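K.L.:
Below is one structure. I have some questions about it.
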Amino acid sequence: MAAHSLLSPTMESRNDIAEGFASDMKGYEATGRNTDVDEDDDGDEQEPMLPFQRGDVERLTAAAQTNGHYRPWWSSAIITIACVVTIFCMAWLVLSLDELGRPHPLDPSPLEVALAAPLRRQDKDYILDPGWDFGAPKQVRRHDWVIVDKEGDPDGVRKPMITMDGRFPGPLIEVNEGDIIEVDVHNLASNATAIHWHGIFQNGTNWMDGAARVTQCPIAPGASYRYKFNVTGQSGTYFYHGHQGVQALSGLVGPLVIHSRDEVAGQPIPYSSDRVVLLQDWYYDADSGLMRDFLSPGVEDAPMPNTALINGVNQAVCANSAGRACSTADRPLPTLELAPRASHRLRFLNVGASAWFQVAVDEHDSLPVVEVDGTAVEPAPGSALVIAPGQRYSAVLTADRSGNDAFWLRARMATSCFVGQDFPKESIDEAKAIVRYRTQTKRHGDDDHNEDDDDNENLPLPTTISKLPYLPTCRDMSSTTTFRPSPALPAPAYADHSWHLRVNLAIGDWRLQRGIVNGSSFRPNLQSPTLHRVLEGNASAFSRDGVLEDVFDAASELVISHAGAAETVDVVLQNMDENSHPFHLHGAQVWVLGAGHGYFPGYQALGLGAEGKGVLDNNNNNASVLANPLRRDTVTAEGFGWALLRFVADNPGAWLFHCHVAWHAEAGMGMVFLARPDVVRGWADGFPDDARRLCDAPEEELRKGASPRDDVFFGFGGDEEGG
């Protein structure tokens with residue numbers, strides 16, 4: 001099997017792809033970068049626009065030949081003048097077409113623009129618009145992205161990356177609840193890709209979820225695809241990321257914020273500024289190589305990160321990166337300029353692969369949480385955050401410290417979460433940003449040059465000291481902090497189904513370690529996504545509840561169906577290994593009814609009836625775990641622990657449920673919940689053609705960047721028995 005590398009293709013091959021891409025772009029609407037391109041007109045169509053017609057010249061020529069004389073001087077002069085006028089008119093026509101939007105031959109291609117763009121985004125790019133109109137009419141918010149391979153050095157160490165428009169991280173998408181998001185994705189990278197909109201419900205647009213192999217085929221190299229969906233019924237902090245293999249590790253990630261219509265009036269702690277803070281672990285080697293190594297026979301430990309980033313930036317120690325290209329150029333750390341004596345909302349997102357982060361601001365003991373995974377909560381006191389991969393927390397920081405005006409914001413990887421592995425001495429386990437008390441003047445969308453950025457480079461760095469404690473165990477903050485959603489929303493009292501899912505990493509044939517959910521390791525068909533097979537299969541096969549083992553091979557594609565209109569579903573996650581597993585459910589939020597260490601104690605211990613059917617007689621709904629539990633989309637079952645989740649399966653579609661540690665997900669720790677198959681089947685006739693056409697690409701193109709098939713390892717490193 002050919003190796004799938006993220007190394008950039010040659011300029012010749014990339015230009016070939018770019019030429020095809022430019023042709024494909026003609027069919028897209030103008031979205032800010034591109035304008036409609038007219039087809040070239042032939043000469044006959046252009047000539048009526050000219051002052052002389054072809055018949056005039058032919059008539060003069062014929063007359064001269066009929067008279068049997070040589071062409072007189074004045075005839076030649078007329079022809080010469082006609083040619084000159086024609087040339088000037090043609091030039092005028094070309095210039096006119098340029099003004100109407102036709103690309104000029106000398107204009108750089110989208111690929112050239114992306115490769116020439118500065119990799120790093122400015123600090124202001126992640127400040128939300130202070131003049132945002134929360135009451136604006138519902139509208140379509142359009143974006144247009146070119147996905148390109150690019151060498152980059154976010155912390156100084158150069159590595160192959162995959163980027164949006166040559167920038168890293170991706171652009172901030174800012175919308176109102178009820179808006180429509182439309183994003184044209186043009187893939188000029190060497191690998192196939194798909195974009196998942198993490199936490200977005202996708203109600204009625206399951207095929208836009210971006211989960212490769214589940215809801216869509218990947219976007220092959222050289223192809224384009226338009227994502228278009230509404231964001232009704234939710235608000236808060238979300239993000240998007242590549243969902244083919246582990247592409248988010250190499251740069252394909254960015255923030256998405258949905259404003260509530262009553263966001264200003266609903267602020268429990270009024271704040272004067274709002275911004276996103278992206279946290280991620282970072283790896284110097286290409287993600288496809290790391291993924292293949294981890295999935296190889298005899299390998300049990302996931303790759304360890306080399307460093308951590310805040311908003312795509314850190315500072316490497318080149319002396320510790322021997323053998324790698326490393327720049328010692330000055331690389332300023334991110335700066336958060338906060339107006340003194342005011343409060344500020346910081347939206348923290350863990351968009352990384354596997355690291356948990358502890359987050360705090362030196363000398364600021366109050367960092368109350370006001371949002372968890374898109375759910376607004378009453379201010380929950382605290383001085384530090386603990387954030388698992390895929391999770392988001394909004395906290396409010398008040399700039400009220402005296403005697404100092406600069407402080408370190410620290411995001412430290414919790415080394416205890418790398419179970420059984422020592423953190424490499426040469427690696428950097430902490431990313432830092434500067435919190436500086438200062439009146440803000442810029443935000444994303446302003447002029448590119450920011451004088452304040454220049455000033456910040458000349459200001460002294462903070463000298464504050466960290467008080468972050470060592471984190472011995474990796475469990476969600478809700479295990480130690482009570483989060484009360486606001487407004488309150490009780491969980492349904494009666495569960496129609498209760499599924500007990502045993503999750504773990506296990507070593508099987510050929511010494512391959514794989515992620516397991518109830519004996520299944522998730523390996524769906526790359527060319528025939530789960531959703532497509534539901535649309536095309538026999539209707540009677542999907543009309544029942546439970547495991548659809550007659551339709552899908554449960555050993556490699558565990559699919560559990562809920563055929564009712566709005567069935568309430570319980571999931572008992574029982575973690576049977578020492579790693580903590582943050583599980584993310586696509587298309588829904590879950591109520592977290594409980595979590596703990598050891599074996600699930602049973603429903604009765606939580607005051608609930610058997611299999612979640614109601615509450616016990618000696619309890620009542622108002623006092624039970626059902627009263628107002630936390631709702632979120634990413635929940636952790638700690639090492640050798642459990643979690644009880646409840647959700648309503650009323651959103652039609654095939655929804656992936658998987659561990660959000662990228663290595664575990666690609667090893668197969670996932671499954672699918674199918675909701676409302678009766679509605680899904682009704683999509684068959686009107687299913688978008690462009691979604692189907694993605695699957696027409698050759699398999700070798702769709703497989704680029706995906707995790708390798710298990711059979712490529714068969715016979716390697718084992719005996720004939722497969723032991």
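Identifiers for the structure tokens are assigned positionally: chains receive A, B, ... in sequence, residues are indexed from 1 per chain, and ligands are indexed from 1 in the order shown.
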Please report, as a list in words, each residue of segment 443-536 of chain A to which DSSP assigns strand (DSSP E) when run on this structure's backbone.

P.N.:
His497, Ser498, Trp499, His500, Leu501, Arg502, Val503, Asn504, Leu505, Ala506, Ile507, Gln513, Arg514, Gly515, Ile516 and Val517 of chain A

K.L.:
Might you pull out every residue within 6 Å of segment 640-647 of chain A, with only C-alpha atoms counted and same-chain residues fewer than 2 positions away left off, and present them as a ChimeraX atom specification?

P.N.:
/A:568-578,590-598,600,637-638

K.L.:
Between A:Gly178, A:Gly254, A:Gly609, A:Gly682, which is the closest to Tyr238 of chain A once you count only C-alpha atoms?

P.N.:
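Closest to Tyr238 of chain A, using only C-alpha atoms: A:Gly254.
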
K.L.:
Among segment 466-662 of chain A, which residues does DSSP mark as alpha helix (DSSP H) when it is run on the backbone? Keep the chain and numbering as in the structure and answer as a ChimeraX atom specification.

P.N.:
/A:530-536,662

K.L.:
Can you write out the residues you just picked, keeping all heavy atoms, as a PDB file, in the first residue's frame?

P.N.:
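Final output, part_25.pdb:
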ATOM      1  N   THR A 530     -21.885   5.218   6.017  1.00  0.00           N
ATOM      2  CA  THR A 530     -23.016   4.633   6.740  1.00  0.00           C
ATOM      3  C   THR A 530     -24.329   5.259   6.305  1.00  0.00           C
ATOM      4  O   THR A 530     -25.305   4.556   6.023  1.00  0.00           O
ATOM      5  CB  THR A 530     -22.815   4.830   8.253  1.00  0.00           C
ATOM      6  OG1 THR A 530     -21.522   4.370   8.640  1.00  0.00           O
ATOM      7  CG2 THR A 530     -23.879   4.081   9.035  1.00  0.00           C
ATOM      8  N   LEU A 531     -24.385   6.586   6.248  1.00  0.00           N
ATOM      9  CA  LEU A 531     -25.617   7.275   5.877  1.00  0.00           C
ATOM     10  C   LEU A 531     -26.085   6.857   4.490  1.00  0.00           C
ATOM     11  O   LEU A 531     -27.285   6.634   4.275  1.00  0.00           O
ATOM     12  CB  LEU A 531     -25.393   8.789   5.932  1.00  0.00           C
ATOM     13  CG  LEU A 531     -26.547   9.668   5.428  1.00  0.00           C
ATOM     14  CD1 LEU A 531     -27.798   9.455   6.281  1.00  0.00           C
ATOM     15  CD2 LEU A 531     -26.144  11.135   5.414  1.00  0.00           C
ATOM     16  N   HIS A 532     -25.184   6.730   3.533  1.00  0.00           N
ATOM     17  CA  HIS A 532     -25.560   6.367   2.169  1.00  0.00           C
ATOM     18  C   HIS A 532     -26.176   4.965   2.123  1.00  0.00           C
ATOM     19  O   HIS A 532     -27.130   4.729   1.368  1.00  0.00           O
ATOM     20  CB  HIS A 532     -24.336   6.431   1.255  1.00  0.00           C
ATOM     21  CG  HIS A 532     -23.836   7.822   1.025  1.00  0.00           C
ATOM     22  ND1 HIS A 532     -23.084   8.189  -0.071  1.00  0.00           N
ATOM     23  CD2 HIS A 532     -23.979   8.963   1.753  1.00  0.00           C
ATOM     24  CE1 HIS A 532     -22.783   9.469  -0.010  1.00  0.00           C
ATOM     25  NE2 HIS A 532     -23.306   9.957   1.104  1.00  0.00           N
ATOM     26  N   ARG A 533     -25.645   4.056   2.928  1.00  0.00           N
ATOM     27  CA  ARG A 533     -26.197   2.694   2.922  1.00  0.00           C
ATOM     28  C   ARG A 533     -27.576   2.643   3.582  1.00  0.00           C
ATOM     29  O   ARG A 533     -28.402   1.812   3.225  1.00  0.00           O
ATOM     30  CB  ARG A 533     -25.217   1.731   3.591  1.00  0.00           C
ATOM     31  CG  ARG A 533     -24.137   1.256   2.616  1.00  0.00           C
ATOM     32  CD  ARG A 533     -23.064   0.451   3.286  1.00  0.00           C
ATOM     33  NE  ARG A 533     -22.194   1.313   4.061  1.00  0.00           N
ATOM     34  CZ  ARG A 533     -21.598   0.935   5.176  1.00  0.00           C
ATOM     35  NH1 ARG A 533     -21.805  -0.262   5.680  1.00  0.00           N
ATOM     36  NH2 ARG A 533     -20.805   1.767   5.812  1.00  0.00           N
ATOM     37  N   VAL A 534     -27.814   3.547   4.522  1.00  0.00           N
ATOM     38  CA  VAL A 534     -29.165   3.629   5.086  1.00  0.00           C
ATOM     39  C   VAL A 534     -30.143   4.107   4.011  1.00  0.00           C
ATOM     40  O   VAL A 534     -31.258   3.597   3.887  1.00  0.00           O
ATOM     41  CB  VAL A 534     -29.192   4.582   6.303  1.00  0.00           C
ATOM     42  CG1 VAL A 534     -30.621   4.785   6.794  1.00  0.00           C
ATOM     43  CG2 VAL A 534     -28.319   4.028   7.428  1.00  0.00           C
ATOM     44  N   LEU A 535     -29.710   5.076   3.210  1.00  0.00           N
ATOM     45  CA  LEU A 535     -30.571   5.609   2.156  1.00  0.00           C
ATOM     46  C   LEU A 535     -30.857   4.569   1.073  1.00  0.00           C
ATOM     47  O   LEU A 535     -31.948   4.533   0.505  1.00  0.00           O
ATOM     48  CB  LEU A 535     -29.908   6.829   1.508  1.00  0.00           C
ATOM     49  CG  LEU A 535     -29.745   8.077   2.381  1.00  0.00           C
ATOM     50  CD1 LEU A 535     -28.881   9.109   1.673  1.00  0.00           C
ATOM     51  CD2 LEU A 535     -31.090   8.672   2.740  1.00  0.00           C
ATOM     52  N   GLU A 536     -29.889   3.727   0.794  1.00  0.00           N
ATOM     53  CA  GLU A 536     -29.998   2.813  -0.332  1.00  0.00           C
ATOM     54  C   GLU A 536     -30.482   1.423   0.056  1.00  0.00           C
ATOM     55  O   GLU A 536     -30.841   0.625  -0.819  1.00  0.00           O
ATOM     56  CB  GLU A 536     -28.631   2.701  -1.014  1.00  0.00           C
ATOM     57  CG  GLU A 536     -28.126   4.031  -1.578  1.00  0.00           C
ATOM     58  CD  GLU A 536     -26.634   4.031  -1.868  1.00  0.00           C
ATOM     59  OE1 GLU A 536     -25.993   2.977  -1.602  1.00  0.00           O
ATOM     60  OE2 GLU A 536     -26.121   5.068  -2.327  1.00  0.00           O
ATOM     61  N   ALA A 662      -7.536  11.568  19.356  1.00  0.00           N
ATOM     62  CA  ALA A 662      -7.451  11.248  17.931  1.00  0.00           C
ATOM     63  C   ALA A 662      -6.882   9.857  17.691  1.00  0.00           C
ATOM     64  O   ALA A 662      -7.360   9.115  16.815  1.00  0.00           O
ATOM     65  CB  ALA A 662      -6.601  12.298  17.221  1.00  0.00           C
TER      66      ALA A 662
END

K.L.:
For the atom pair atom CA of Val547 of chain A and atom CA of Gly519 of chain A, what is the interatomic distance in Å to one decimal place?

P.N.:
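These atoms are spaced 12.9 Å apart.
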
K.L.:
From the set A:Val246, A:Ala433, A:Val503, A:Ala322, which residue has the shortest atom-to-atom contact distance to Pro334 of chain A, counting only C-alpha atoms?

P.N.:
A:Ala433

K.L.:
Please identify all polymer residues within 8 Å of Asp281 of chain A, counting only C-alpha atoms, omitting same-chain residues fewer than 2 positions from it, and present them as a compact mmCIF listing (two decimals) with N, CA, C and O atoms, in the first residue's frame.

P.N.:
# COMPACT_ATOMS: atom_id res chain seq x y z
N LEU A 249 -4.13 17.50 13.60
CA LEU A 249 -2.81 17.60 14.21
C LEU A 249 -1.88 18.51 13.42
O LEU A 249 -0.94 19.07 13.96
N LEU A 279 -6.34 25.89 22.28
CA LEU A 279 -5.28 25.12 22.92
C LEU A 279 -5.08 23.82 22.16
O LEU A 279 -6.06 23.16 21.78
N TYR A 283 2.81 18.25 17.25
CA TYR A 283 3.72 17.17 16.90
C TYR A 283 4.57 17.61 15.72
O TYR A 283 4.05 18.14 14.74
N PRO A 305 3.34 14.36 22.31
CA PRO A 305 3.51 15.67 21.65
C PRO A 305 4.88 16.27 21.96
O PRO A 305 5.47 16.01 23.01
N ASN A 306 5.35 17.10 21.04
CA ASN A 306 6.62 17.79 21.25
C ASN A 306 6.44 19.10 22.01
O ASN A 306 7.37 19.56 22.68
N THR A 307 5.24 19.69 21.88
CA THR A 307 5.02 20.97 22.53
C THR A 307 3.52 21.25 22.56
O THR A 307 2.71 20.42 22.14
N ALA A 308 3.16 22.41 23.06
CA ALA A 308 1.76 22.86 23.09
C ALA A 308 1.69 24.26 22.47
O ALA A 308 2.68 25.00 22.46
N LEU A 309 0.51 24.61 21.95
CA LEU A 309 0.32 25.90 21.30
C LEU A 309 -0.89 26.61 21.89
O LEU A 309 -1.87 25.97 22.27
N GLY A 352 -6.90 19.96 20.34
CA GLY A 352 -5.76 19.10 20.10
C GLY A 352 -6.11 17.63 19.93
O GLY A 352 -7.28 17.24 19.87
N ALA A 353 -5.06 16.81 19.88
CA ALA A 353 -5.21 15.38 19.58
C ALA A 353 -5.45 14.55 20.83
O ALA A 353 -6.36 13.72 20.86
N SER A 354 -4.64 14.74 21.86
CA SER A 354 -4.75 13.82 23.00
C SER A 354 -4.48 14.46 24.35
O SER A 354 -4.83 13.88 25.38
N ALA A 355 -3.85 15.61 24.40
CA ALA A 355 -3.45 16.19 25.69
C ALA A 355 -4.62 16.86 26.40
O ALA A 355 -5.45 17.52 25.76
N MET A 413 -0.03 21.03 29.65
CA MET A 413 -0.48 19.66 29.39
C MET A 413 -0.36 18.84 30.67
O MET A 413 0.67 18.88 31.35

K.L.:
So which residues touch Asn618 of chain A within 10 Å, counting only C-alpha atoms, skipping near sequence neighbours fewer than 2 positions away, as a list in words?

P.N.:
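Non-adjacent residues within range: Gly607, Leu608, Val615, Leu616 and Asn620 of chain A.
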
K.L.:
I need the residues from that last selection saved to file as a CSV table (one decimal), in the first residue's frame (with N, CA and C atoms), if you can.

P.N.:
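Below is the file selection.csv, written as the result:
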chain,number,residue,atom,x,y,z
A,607,GLY,N,-30.8,6.9,42.4
A,607,GLY,CA,-32.2,7.3,42.7
A,607,GLY,C,-33.1,7.1,41.5
A,608,LEU,N,-32.6,6.3,40.5
A,608,LEU,CA,-33.4,6.0,39.3
A,608,LEU,C,-33.9,4.6,39.3
A,615,VAL,N,-38.0,7.5,38.3
A,615,VAL,CA,-37.3,7.6,39.5
A,615,VAL,C,-37.8,6.7,40.6
A,616,LEU,N,-37.0,6.4,41.6
A,616,LEU,CA,-37.5,5.6,42.7
A,616,LEU,C,-38.6,6.2,43.5
A,620,ASN,N,-37.9,12.2,44.1
A,620,ASN,CA,-38.8,13.0,43.2
A,620,ASN,C,-37.9,13.7,42.2

K.L.:
Could you name the residues that touch Glu263 of chain A at 12 Å or less, counting only C-alpha atoms, but leaving out those on the same chain fewer than 3 positions away, as a PyMOL selection string?

P.N.:
chain A and resi 132-135+176-177+234-236+258-260+266-271+274+370-371+376

K.L.:
Segment 195-292 of chain A near segment 586-589 of chain A within 12 Å: what's each residue's closest atom pair and its distance in Å to one decimal, counting only C-alpha atoms, ordered by chain then ascending residue number, as a tab-separated table?

P.N.:
residue	atom	partner	partner_atom	distance
A:His196	CA	A:His586	CA	9.3
A:Trp197	CA	A:His586	CA	9.0
A:His198	CA	A:His586	CA	7.4
A:Gly199	CA	A:His586	CA	6.5
A:Ile200	CA	A:Gly587	CA	6.3
A:Phe201	CA	A:Gly587	CA	4.1
A:Gln202	CA	A:Gly587	CA	6.1
A:Asn203	CA	A:Gly587	CA	7.4
A:Gly204	CA	A:Gly587	CA	10.1
A:Thr205	CA	A:Gly587	CA	9.9
A:Asn206	CA	A:Gly587	CA	8.0
A:Trp207	CA	A:Gly587	CA	11.1
A:Met208	CA	A:Gly587	CA	10.7
A:Asp209	CA	A:His586	CA	7.9
A:Gly210	CA	A:His586	CA	10.1
A:Ala211	CA	A:His586	CA	8.9
A:Val214	CA	A:His586	CA	10.9
A:Thr215	CA	A:His586	CA	10.8
A:Val231	CA	A:Gly587	CA	11.5
A:Gly233	CA	A:Ala588	CA	11.1
A:Gln234	CA	A:Gln589	CA	10.2

K.L.:
Using only C-alpha atoms, which of the listed residues (A:Asp545, A:Glu611, A:Asp711, A:Asp373) sits closest to Asp678 of chain A?

P.N.:
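Going through A:Asp545, A:Glu611, A:Asp711, A:Asp373 one by one, the smallest distance to Asp678 of chain A is for A:Asp545.
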
K.L.:
Can you write out as a Markdown table which residues of segment 354-375 of chain A fall within 6 Å of segment 384-400 of chain A, alongside each residue's closest atom pair and its distance in Å to one decimal, counting only C-alpha atoms and ordering rows by chain and ascending residue number?

P.N.:
| residue | atom | partner | partner_atom | distance |
| --- | --- | --- | --- | --- |
| A:Trp356 | CA | A:Ala388 | CA | 4.7 |
| A:Phe357 | CA | A:Ile387 | CA | 5.2 |
| A:Gln358 | CA | A:Val386 | CA | 4.7 |
| A:Val359 | CA | A:Leu385 | CA | 5.0 |
| A:Ala360 | CA | A:Ala384 | CA | 4.7 |
| A:Leu367 | CA | A:Leu397 | CA | 5.5 |
| A:Pro368 | CA | A:Ala395 | CA | 5.4 |
| A:Val369 | CA | A:Ala395 | CA | 4.2 |
| A:Val370 | CA | A:Ser394 | CA | 5.6 |
| A:Glu371 | CA | A:Ser394 | CA | 4.9 |
| A:Val372 | CA | A:Tyr393 | CA | 4.8 |
| A:Asp373 | CA | A:Arg392 | CA | 5.0 |

K.L.:
Segment 119-131 of chain A: which residues within 8 Å, counting only C-alpha atoms, same-chain residues fewer than 4 positions away excluded, as an mmCIF file with N, CA and C atoms, in the first residue's frame?

P.N.:
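Result file out-v2.cif:
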data_model
loop_
_atom_site.group_PDB
_atom_site.id
_atom_site.type_symbol
_atom_site.label_atom_id
_atom_site.label_comp_id
_atom_site.auth_asym_id
_atom_site.auth_seq_id
_atom_site.Cartn_x
_atom_site.Cartn_y
_atom_site.Cartn_z
ATOM 1 N N GLY A 152 5.457 24.872 7.605
ATOM 2 C CA GLY A 152 5.225 25.911 8.595
ATOM 3 C C GLY A 152 6.023 25.671 9.856
ATOM 4 N N PRO A 154 5.107 26.944 13.506
ATOM 5 C CA PRO A 154 4.349 27.712 14.509
ATOM 6 C C PRO A 154 5.140 28.061 15.762
ATOM 7 N N GLY A 166 -3.552 28.840 3.596
ATOM 8 C CA GLY A 166 -2.169 29.044 3.973
ATOM 9 C C GLY A 166 -1.967 29.653 5.343
ATOM 10 N N ARG A 167 -3.040 29.776 6.129
ATOM 11 C CA ARG A 167 -2.963 30.384 7.463
ATOM 12 C C ARG A 167 -3.224 29.312 8.522
ATOM 13 N N PHE A 168 -2.750 29.564 9.732
ATOM 14 C CA PHE A 168 -2.955 28.636 10.842
ATOM 15 C C PHE A 168 -3.041 29.416 12.146
ATOM 16 N N PRO A 169 -4.023 29.058 13.003
ATOM 17 C CA PRO A 169 -5.166 28.170 12.751
ATOM 18 C C PRO A 169 -6.135 28.785 11.732
ATOM 19 N N PRO A 171 -9.724 30.469 10.152
ATOM 20 C CA PRO A 171 -10.384 31.738 10.489
ATOM 21 C C PRO A 171 -11.519 31.558 11.490
ATOM 22 N N LEU A 172 -11.767 32.601 12.263
ATOM 23 C CA LEU A 172 -12.901 32.626 13.178
ATOM 24 C C LEU A 172 -14.192 32.793 12.384
ATOM 25 N N GLU A 174 -18.008 33.686 12.904
ATOM 26 C CA GLU A 174 -18.855 34.328 13.913
ATOM 27 C C GLU A 174 -20.239 34.546 13.312
ATOM 28 N N SER A 273 -15.259 42.557 26.666
ATOM 29 C CA SER A 273 -14.620 41.999 25.476
ATOM 30 C C SER A 273 -14.816 40.494 25.464
ATOM 31 N N ASP A 274 -14.628 39.911 24.287
ATOM 32 C CA ASP A 274 -14.925 38.495 24.073
ATOM 33 C C ASP A 274 -13.922 37.968 23.058
ATOM 34 N N ARG A 275 -13.289 36.824 23.339
ATOM 35 C CA ARG A 275 -12.296 36.281 22.407
ATOM 36 C C ARG A 275 -12.175 34.767 22.581
ATOM 37 N N VAL A 276 -11.564 34.122 21.582
ATOM 38 C CA VAL A 276 -11.333 32.680 21.659
ATOM 39 C C VAL A 276 -9.858 32.427 21.938
ATOM 40 N N VAL A 277 -9.599 31.338 22.667
ATOM 41 C CA VAL A 277 -8.240 30.911 22.988
ATOM 42 C C VAL A 277 -8.144 29.429 22.637
ATOM 43 N N GLY A 312 -2.088 28.793 18.042
ATOM 44 C CA GLY A 312 -1.141 28.410 17.006
ATOM 45 C C GLY A 312 0.284 28.858 17.216
ATOM 46 N N VAL A 313 0.673 29.238 18.443
ATOM 47 C CA VAL A 313 2.008 29.815 18.662
ATOM 48 C C VAL A 313 2.636 29.258 19.932
ATOM 49 N N PRO A 334 1.384 35.053 21.934
ATOM 50 C CA PRO A 334 0.092 35.749 21.841
ATOM 51 C C PRO A 334 -0.106 36.700 23.009
ATOM 52 N N THR A 335 -0.735 37.829 22.723
ATOM 53 C CA THR A 335 -1.017 38.821 23.758
ATOM 54 C C THR A 335 -2.509 39.089 23.822
ATOM 55 N N LEU A 336 -3.067 39.026 25.021
ATOM 56 C CA LEU A 336 -4.469 39.358 25.254
ATOM 57 C C LEU A 336 -4.502 40.712 25.949
ATOM 58 N N LYS A 442 -8.170 47.043 18.534
ATOM 59 C CA LYS A 442 -8.334 46.287 17.302
ATOM 60 C C LYS A 442 -9.059 44.979 17.559
ATOM 61 N N ARG A 443 -9.669 44.448 16.502
ATOM 62 C CA ARG A 443 -10.275 43.116 16.530
ATOM 63 C C ARG A 443 -10.244 42.556 15.119
ATOM 64 N N HIS A 444 -10.645 41.291 14.957
ATOM 65 C CA HIS A 444 -10.534 40.696 13.619
ATOM 66 C C HIS A 444 -11.408 41.453 12.637
ATOM 67 N N GLY A 445 -10.903 41.605 11.405
ATOM 68 C CA GLY A 445 -11.615 42.363 10.391
ATOM 69 C C GLY A 445 -11.091 43.777 10.229
#

K.L.:
What lies within 7 Å of Asp650 of chain A using only C-alpha atoms, ignoring chain neighbours under 4 positions off, as a VMD selection string?

P.N.:
chain A and resid 565 to 567 675 to 676

K.L.:
Between A:Thr237, A:Asn320, A:Ser366, A:Ser466, which is the closest to Asn350 of chain A once you count only C-alpha atoms?

P.N.:
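That would be A:Thr237, the residue with the smallest distance to Asn350 of chain A.
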
K.L.:
My list of candidates is A:Asn191, A:Gln139, A:Gln247, A:Thr482. Which is closest to Glu378 of chain A when distances are computed with only C-alpha atoms?

P.N.:
A:Thr482

K.L.:
So the first atom is atom CA of Arg142 of chain A and the second is atom CA of Gly686 of chain A; what is the distance between them in Å, to one decimal place?

P.N.:
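Taking atom CA of Arg142 of chain A as the start and atom CA of Gly686 of chain A as the end point, the length is 23.5 Å.
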
K.L.:
Which is closer to Pro381 of chain A than all the others in A:Arg292, A:Thr481, A:Ala302, A:Asp362, using only C-alpha atoms?

P.N.:
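Ranked by minimum distance to Pro381 of chain A, first place goes to A:Thr481.
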